[in-house]
>>> print(open('upload.cif').read())   # mmCIF, C-alpha atoms
data_my_file
#
loop_
_atom_site.group_PDB
_atom_site.id
_atom_site.type_symbol
_atom_site.label_atom_id
_atom_site.label_comp_id
_atom_site.auth_asym_id
_atom_site.auth_seq_id
_atom_site.Cartn_x
_atom_site.Cartn_y
_atom_site.Cartn_z
ATOM 1 C CA MET A 1 86.857 135.994 143.922
ATOM 2 C CA LEU A 2 87.167 139.457 145.495
ATOM 3 C CA GLU A 3 83.357 139.556 145.680
ATOM 4 C CA ASN A 4 83.350 136.346 147.731
ATOM 5 C CA PHE A 5 86.126 137.706 149.961
ATOM 6 C CA TRP A 6 84.131 140.833 150.816
ATOM 7 C CA PHE A 7 80.927 138.811 151.272
ATOM 8 C CA ASN A 8 82.641 136.585 153.872
ATOM 9 C CA VAL A 9 84.329 139.505 155.644
ATOM 10 C CA GLU A 10 81.023 141.384 155.736
ATOM 11 C CA TYR A 11 79.307 138.250 157.033
ATOM 12 C CA GLY A 12 81.823 138.170 159.916
ATOM 13 C CA ILE A 13 81.257 141.852 160.664
ATOM 14 C CA ASN A 14 77.475 141.395 160.635
ATOM 15 C CA HIS A 15 77.782 138.340 162.898
ATOM 16 C CA VAL A 16 79.283 140.528 165.618
ATOM 17 C CA LEU A 17 77.182 143.647 165.038
ATOM 18 C CA ASP A 18 73.802 141.865 164.661
ATOM 19 C CA ILE A 19 71.411 143.726 166.957
ATOM 20 C CA ASN A 20 69.317 140.575 167.438
ATOM 21 C CA ALA A 21 72.325 138.601 168.673
ATOM 22 C CA TYR A 22 73.916 141.166 170.954
ATOM 23 C CA ASP A 23 75.609 138.572 173.192
ATOM 24 C CA HIS A 24 78.865 139.008 171.274
ATOM 25 C CA VAL A 25 78.773 142.777 171.816
ATOM 26 C CA LEU A 26 77.986 142.323 175.533
ATOM 27 C CA PHE A 27 80.989 140.035 175.911
ATOM 28 C CA LEU A 28 83.269 142.570 174.194
ATOM 29 C CA ILE A 29 81.937 145.385 176.379
ATOM 30 C CA ALA A 30 82.571 143.345 179.542
ATOM 31 C CA LEU A 31 86.040 142.410 178.288
ATOM 32 C CA THR A 32 87.032 145.977 177.335
ATOM 33 C CA VAL A 33 85.442 148.189 180.013
ATOM 34 C CA PRO A 34 88.254 147.837 182.604
ATOM 35 C CA TYR A 35 90.852 149.240 180.183
ATOM 36 C CA LEU A 36 92.017 152.634 178.943
ATOM 37 C CA PHE A 37 93.382 153.651 175.534
ATOM 38 C CA LYS A 38 96.944 153.208 176.812
ATOM 39 C CA ASP A 39 96.134 149.498 177.354
ATOM 40 C CA TRP A 40 95.229 149.010 173.668
ATOM 41 C CA LYS A 41 97.881 146.316 173.082
ATOM 42 C CA ARG A 42 96.536 144.191 175.910
ATOM 43 C CA VAL A 43 92.928 144.677 174.773
ATOM 44 C CA LEU A 44 93.863 143.800 171.184
ATOM 45 C CA LEU A 45 95.585 140.641 172.435
ATOM 46 C CA LEU A 46 92.469 139.652 174.427
ATOM 47 C CA VAL A 47 90.173 140.315 171.467
ATOM 48 C CA SER A 48 92.482 138.363 169.143
ATOM 49 C CA LEU A 49 92.518 135.424 171.583
ATOM 50 C CA PHE A 50 88.733 135.506 171.517
ATOM 51 C CA THR A 51 88.771 135.482 167.687
ATOM 52 C CA LEU A 52 91.293 132.624 167.719
ATOM 53 C CA GLY A 53 89.036 130.530 169.962
ATOM 54 C CA HIS A 54 85.961 131.461 167.908
ATOM 55 C CA THR A 55 87.695 130.504 164.634
ATOM 56 C CA LEU A 56 89.158 127.298 166.052
ATOM 57 C CA SER A 57 85.729 126.043 167.136
ATOM 58 C CA LEU A 58 84.293 126.948 163.714
ATOM 59 C CA VAL A 59 87.119 125.019 162.005
ATOM 60 C CA LEU A 60 86.484 121.986 164.230
ATOM 61 C CA ALA A 61 82.741 122.165 163.571
ATOM 62 C CA GLY A 62 83.206 122.963 159.852
ATOM 63 C CA TYR A 63 85.305 119.829 159.364
ATOM 64 C CA ASN A 64 82.942 117.739 161.546
ATOM 65 C CA VAL A 65 85.589 117.128 164.216
ATOM 66 C CA VAL A 66 83.249 118.238 167.012
ATOM 67 C CA SER A 67 79.513 118.258 167.451
ATOM 68 C CA VAL A 68 77.927 119.745 170.544
ATOM 69 C CA ASN A 69 74.533 120.154 172.137
ATOM 70 C CA GLY A 70 73.218 123.481 170.802
ATOM 71 C CA GLN A 71 71.099 124.138 173.904
ATOM 72 C CA LEU A 72 74.115 123.673 176.178
ATOM 73 C CA VAL A 73 76.203 126.097 174.107
ATOM 74 C CA GLU A 74 73.378 128.659 174.004
ATOM 75 C CA PHE A 75 73.275 128.418 177.821
ATOM 76 C CA LEU A 76 77.075 128.688 178.233
ATOM 77 C CA ILE A 77 77.368 131.837 176.101
ATOM 78 C CA PRO A 78 75.494 134.158 178.522
ATOM 79 C CA VAL A 79 77.124 132.335 181.467
ATOM 80 C CA SER A 80 80.543 133.199 180.016
ATOM 81 C CA ILE A 81 79.515 136.855 179.680
ATOM 82 C CA LEU A 82 78.226 136.819 183.265
ATOM 83 C CA VAL A 83 81.558 135.432 184.520
ATOM 84 C CA VAL A 84 83.549 138.241 182.864
ATOM 85 C CA ALA A 85 81.132 140.946 184.036
ATOM 86 C CA LEU A 86 81.167 139.624 187.625
ATOM 87 C CA PHE A 87 84.974 139.407 187.503
ATOM 88 C CA ASN A 88 84.944 143.127 186.620
ATOM 89 C CA VAL A 89 82.517 143.969 189.441
ATOM 90 C CA PHE A 90 84.577 142.143 192.083
ATOM 91 C CA THR A 91 87.951 143.419 190.857
ATOM 92 C CA ALA A 92 87.024 146.987 189.840
ATOM 93 C CA GLY A 93 89.737 149.361 190.973
ATOM 94 C CA LYS A 94 91.957 146.540 192.256
ATOM 95 C CA GLY A 95 94.217 146.326 189.202
ATOM 96 C CA ALA A 96 93.379 142.659 188.487
ATOM 97 C CA GLN A 97 93.429 143.413 184.764
ATOM 98 C CA LYS A 98 97.140 144.283 185.026
ATOM 99 C CA GLU A 99 98.181 140.706 185.701
ATOM 100 C CA LYS A 100 100.462 139.016 183.213
ATOM 101 C CA ILE A 101 99.040 136.227 181.063
ATOM 102 C CA GLY A 102 96.654 134.592 183.468
ATOM 103 C CA ILE A 103 93.085 133.582 184.039
ATOM 104 C CA LEU A 104 91.656 136.403 181.921
ATOM 105 C CA PHE A 105 93.638 135.322 178.851
ATOM 106 C CA PHE A 106 92.779 131.628 179.150
ATOM 107 C CA SER A 107 89.139 132.339 179.953
ATOM 108 C CA THR A 108 88.916 134.673 176.930
ATOM 109 C CA LEU A 109 90.237 131.921 174.657
ATOM 110 C CA PHE A 110 87.769 129.460 176.219
ATOM 111 C CA PHE A 111 84.877 131.903 175.806
ATOM 112 C CA GLY A 112 85.862 132.341 172.151
ATOM 113 C CA LEU A 113 85.590 128.575 171.710
ATOM 114 C CA ILE A 114 82.130 128.564 173.327
ATOM 115 C CA HIS A 115 80.861 131.505 171.256
ATOM 116 C CA GLY A 116 82.193 129.917 168.049
ATOM 117 C CA LEU A 117 80.365 126.678 168.813
ATOM 118 C CA GLY A 118 77.183 128.691 169.268
ATOM 119 C CA PHE A 119 77.486 129.901 165.683
ATOM 120 C CA ALA A 120 78.789 126.619 164.232
ATOM 121 C CA ARG A 121 75.429 125.262 163.027
ATOM 122 C CA GLU A 122 74.556 128.352 160.999
ATOM 123 C CA PHE A 123 78.089 128.599 159.648
ATOM 124 C CA HIS A 124 78.063 124.912 158.724
ATOM 125 C CA MET A 125 75.038 125.570 156.490
ATOM 126 C CA LEU A 126 76.860 128.486 154.850
ATOM 127 C CA LEU A 127 79.933 126.340 154.153
ATOM 128 C CA GLY A 128 77.978 123.456 152.656
ATOM 129 C CA ASP A 129 80.290 121.252 150.621
ATOM 130 C CA SER A 130 82.678 124.072 149.710
ATOM 131 C CA ASP A 131 86.215 123.085 148.744
ATOM 132 C CA HIS A 132 87.507 126.324 150.259
ATOM 133 C CA LYS A 133 86.259 125.935 153.840
ATOM 134 C CA LEU A 134 89.468 127.122 155.489
ATOM 135 C CA MET A 135 89.656 130.239 153.304
ATOM 136 C CA LEU A 136 86.004 131.046 154.052
ATOM 137 C CA LEU A 137 86.677 130.627 157.775
ATOM 138 C CA LEU A 138 89.706 132.927 157.666
ATOM 139 C CA GLU A 139 87.827 135.611 155.731
ATOM 140 C CA PHE A 140 84.947 135.335 158.196
ATOM 141 C CA ALA A 141 87.432 135.593 161.107
ATOM 142 C CA LEU A 142 88.860 138.774 159.565
ATOM 143 C CA GLY A 143 85.362 140.269 159.553
ATOM 144 C CA ILE A 144 84.869 139.276 163.182
ATOM 145 C CA GLU A 145 88.179 140.858 164.160
ATOM 146 C CA LEU A 146 87.366 144.119 162.320
ATOM 147 C CA ALA A 147 83.951 144.387 164.005
ATOM 148 C CA GLN A 148 85.477 143.629 167.411
ATOM 149 C CA VAL A 149 88.119 146.343 166.963
ATOM 150 C CA ILE A 150 85.311 148.820 166.169
ATOM 151 C CA ILE A 151 83.398 147.874 169.327
ATOM 152 C CA VAL A 152 86.545 147.941 171.484
ATOM 153 C CA PHE A 153 87.425 151.403 170.149
ATOM 154 C CA MET A 154 83.888 152.636 170.906
ATOM 155 C CA VAL A 155 83.995 151.275 174.472
ATOM 156 C CA LEU A 156 87.457 152.775 175.107
ATOM 157 C CA PHE A 157 86.369 156.110 173.592
ATOM 158 C CA LEU A 158 83.149 156.207 175.622
ATOM 159 C CA GLY A 159 85.149 155.308 178.746
ATOM 160 C CA TYR A 160 87.561 158.141 178.016
ATOM 161 C CA ILE A 161 84.711 160.667 177.635
ATOM 162 C CA VAL A 162 82.859 159.501 180.757
ATOM 163 C CA GLN A 163 86.012 159.480 182.885
ATOM 164 C CA THR A 164 87.496 162.716 181.519
ATOM 165 C CA ILE A 165 84.550 164.999 180.810
ATOM 166 C CA PHE A 166 81.975 163.639 183.268
ATOM 167 C CA ARG A 167 84.612 162.821 185.908
ATOM 168 C CA PHE A 168 83.454 159.286 186.628
ATOM 169 C CA THR A 169 86.099 157.343 188.516
ATOM 170 C CA ARG A 170 87.480 154.373 186.651
ATOM 171 C CA ARG A 171 86.076 152.070 189.339
ATOM 172 C CA ASP A 172 82.552 153.543 188.996
ATOM 173 C CA TRP A 173 82.696 153.278 185.183
ATOM 174 C CA ILE A 174 83.652 149.583 185.412
ATOM 175 C CA MET A 175 81.020 148.877 188.079
ATOM 176 C CA VAL A 176 78.148 150.616 186.243
ATOM 177 C CA ILE A 177 78.803 149.094 182.805
ATOM 178 C CA SER A 178 79.550 145.621 184.180
ATOM 179 C CA SER A 179 76.388 145.740 186.313
ATOM 180 C CA ILE A 180 74.328 146.667 183.234
ATOM 181 C CA VAL A 181 75.845 143.695 181.386
ATOM 182 C CA VAL A 182 75.006 141.425 184.357
ATOM 183 C CA GLY A 183 71.425 142.724 184.301
ATOM 184 C CA LEU A 184 71.116 141.981 180.578
ATOM 185 C CA VAL A 185 72.576 138.460 180.642
ATOM 186 C CA ILE A 186 70.737 137.059 183.673
ATOM 187 C CA PRO A 187 67.401 136.950 181.751
ATOM 188 C CA MET A 188 69.235 135.307 178.809
ATOM 189 C CA ILE A 189 70.425 132.573 181.190
ATOM 190 C CA LEU A 190 67.047 132.131 182.885
ATOM 191 C CA ASN A 191 65.218 131.966 179.520
ATOM 192 C CA SER A 192 67.632 129.424 178.093
ATOM 193 C CA ASP A 193 66.084 126.263 176.603
ATOM 194 C CA PHE A 194 68.773 124.314 178.452
ATOM 195 C CA LEU A 195 67.075 125.132 181.779
ATOM 196 C CA SER A 196 63.600 124.257 180.509
#
>>> encode(input="upload.cif", output="structure tokens")
Amino acid sequence: MLENFWFNVEYGINHVLDINAYDHVLFLIALTVPYLFKDWKRVLLLVSLFTLGHTLSLVLAGYNVVSVNGQLVEFLIPVSILVVALFNVFTAGKGAQKEKIGILFFSTLFFGLIHGLGFAREFHMLLGDSDHKLMLLLEFALGIELAQVIIVFMVLFLGYIVQTIFRFTRRDWIMVISSIVVGLVIPMILNSDFLS
């Protein structure tokens, strides 16, 4: 039983950290880059909302409640990353991330739903006819959350070093990283099967 638990948690961690499917990492970078270590509670809330949306869409797909066009979802994933990165570019240094629960929180939950649907087919095959679908989903979600916390910590730590030691302004740090993310996701959008 414990073996299965660790397998599912590790599967969740690998889902996020898979170098061949770096869209998840790009989204987390775009989501985290505007923040500092002192904002960790807000960042953790955003990341947890993302996990909630991701898990909810996997539950809905796992129990055959929803079925979506895979090509559309694969197109919407990089679009969602682009939206967050562009939001950062246009609001860098303007304190938009300080707002109370607003567009960023709802969009993060929505993006979690989209990203979860993108993984639903593969996860559906893993679940098969298991009697413990919900438990598998929760263990997988725990792995996702752990991997996301690692990435968030790395982005915050790198931001701290760049802004403290190399004296980048916070605005420049946000602009540079968000622009790199934009540059990486535009080809993903243009090469999408949905546009073919």
>>> residues_around(input="upload.cif", residues="Leu46 of chain A", least_positions_apart="4", cutoff="12 Å", atoms="only C-alpha atoms", output="count of residues only")
32
>>> atom_distance(input="upload.cif", atom1="atom CA of Phe37 of chain A", atom2="atom CA of Asn20 of chain A")
28.6 Å
>>> residues_around(input="upload.cif", residues="Val33 of chain A", least_positions_apart="4", cutoff="8 Å", atoms="all atoms listed in the file", output="number ranges by chain")
A: 29, 155-156, 159, 173-174, 177-178
>>> atom_distance(input="upload.cif", atom1="atom CA of Asp23 of chain A", atom2="atom CA of Glu122 of chain A")
15.9 Å
>>> closest_residue(input="upload.cif", among="A:Phe194, A:Tyr22, A:Phe140, A:Phe75", to="Thr55 of chain A", atoms="all atoms listed in the file")
A:Phe140
>>> atom_distance(input="upload.cif", atom1="atom CA of Leu72 of chain A", atom2="atom CA of Ser192 of chain A")
8.9 Å
>>> closest_residue(input="upload.cif", among="A:Ile13, A:Met175, A:Met135, A:Leu60", to="Phe87 of chain A", atoms="only C-alpha atoms")
A:Met175
>>> axis_aligned_box(input="upload.cif", around="segment 68-80 of chain A", padding_each_side="6 Å", output="lines of an AutoDock Vina configuration file")
center_x = 75.8
center_y = 127.0
center_z = 176.0
size_x = 21.4
size_y = 26.4
size_z = 22.9
>>> residues_near_point(input="upload.cif", point="(84.4, 127.2, 155.9)", cutoff="10 Å", atoms="all atoms listed in the file", output="PDB file with C-alpha atoms, keeping the file's coordinate frame")
ATOM      1  CA  ASN A   8      82.641 136.585 153.872  1.00  0.00           C
ATOM      2  CA  THR A  55      87.695 130.504 164.634  1.00  0.00           C
ATOM      3  CA  LEU A  58      84.293 126.948 163.714  1.00  0.00           C
ATOM      4  CA  VAL A  59      87.119 125.019 162.005  1.00  0.00           C
ATOM      5  CA  ALA A  61      82.741 122.165 163.571  1.00  0.00           C
ATOM      6  CA  GLY A  62      83.206 122.963 159.852  1.00  0.00           C
ATOM      7  CA  TYR A  63      85.305 119.829 159.364  1.00  0.00           C
ATOM      8  CA  PHE A 123      78.089 128.599 159.648  1.00  0.00           C
ATOM      9  CA  HIS A 124      78.063 124.912 158.724  1.00  0.00           C
ATOM     10  CA  MET A 125      75.038 125.570 156.490  1.00  0.00           C
ATOM     11  CA  LEU A 126      76.860 128.486 154.850  1.00  0.00           C
ATOM     12  CA  LEU A 127      79.933 126.340 154.153  1.00  0.00           C
ATOM     13  CA  GLY A 128      77.978 123.456 152.656  1.00  0.00           C
ATOM     14  CA  ASP A 129      80.290 121.252 150.621  1.00  0.00           C
ATOM     15  CA  SER A 130      82.678 124.072 149.710  1.00  0.00           C
ATOM     16  CA  ASP A 131      86.215 123.085 148.744  1.00  0.00           C
ATOM     17  CA  HIS A 132      87.507 126.324 150.259  1.00  0.00           C
ATOM     18  CA  LYS A 133      86.259 125.935 153.840  1.00  0.00           C
ATOM     19  CA  LEU A 134      89.468 127.122 155.489  1.00  0.00           C
ATOM     20  CA  MET A 135      89.656 130.239 153.304  1.00  0.00           C
ATOM     21  CA  LEU A 136      86.004 131.046 154.052  1.00  0.00           C
ATOM     22  CA  LEU A 137      86.677 130.627 157.775  1.00  0.00           C
ATOM     23  CA  LEU A 138      89.706 132.927 157.666  1.00  0.00           C
ATOM     24  CA  GLU A 139      87.827 135.611 155.731  1.00  0.00           C
ATOM     25  CA  PHE A 140      84.947 135.335 158.196  1.00  0.00           C
TER      26      PHE A 140
END
>>> resolve_selection(input="upload.cif", expression="the PyMOL selection byres ((chain A and resi 79) around 12)", output="NGL selection string")
:A and (23 or 26-27 or 72-78 or 80-86 or 111 or 114-115 or 181-182 or 184-190 or 192 or 194)
>>> residues_around(input="upload.cif", residues="Ser57 of chain A", least_positions_apart="3", cutoff="6 Å", atoms="only C-alpha atoms", output="list in words")
His54, Leu60, Leu113, Gly116 and Leu117 of chain A
>>> resolve_selection(input="upload.cif", expression="the PyMOL selection byres ((chain A and resi 146) around 12)", output="list in words")
Val9, Glu10, Tyr11, Gly12, Ile13, Asn14, His15, Val16, Leu17, Leu44, Val47, Ser48, Thr51, Glu139, Phe140, Ala141, Leu142, Gly143, Ile144, Glu145, Ala147, Gln148, Val149, Ile150, Ile151, Val152 and Phe153 of chain A
>>> closest_residue(input="upload.cif", among="A:Gly183, A:Met154, A:Pro34, A:Asp18", to="Gly93 of chain A", atoms="all atoms listed in the file")
A:Pro34
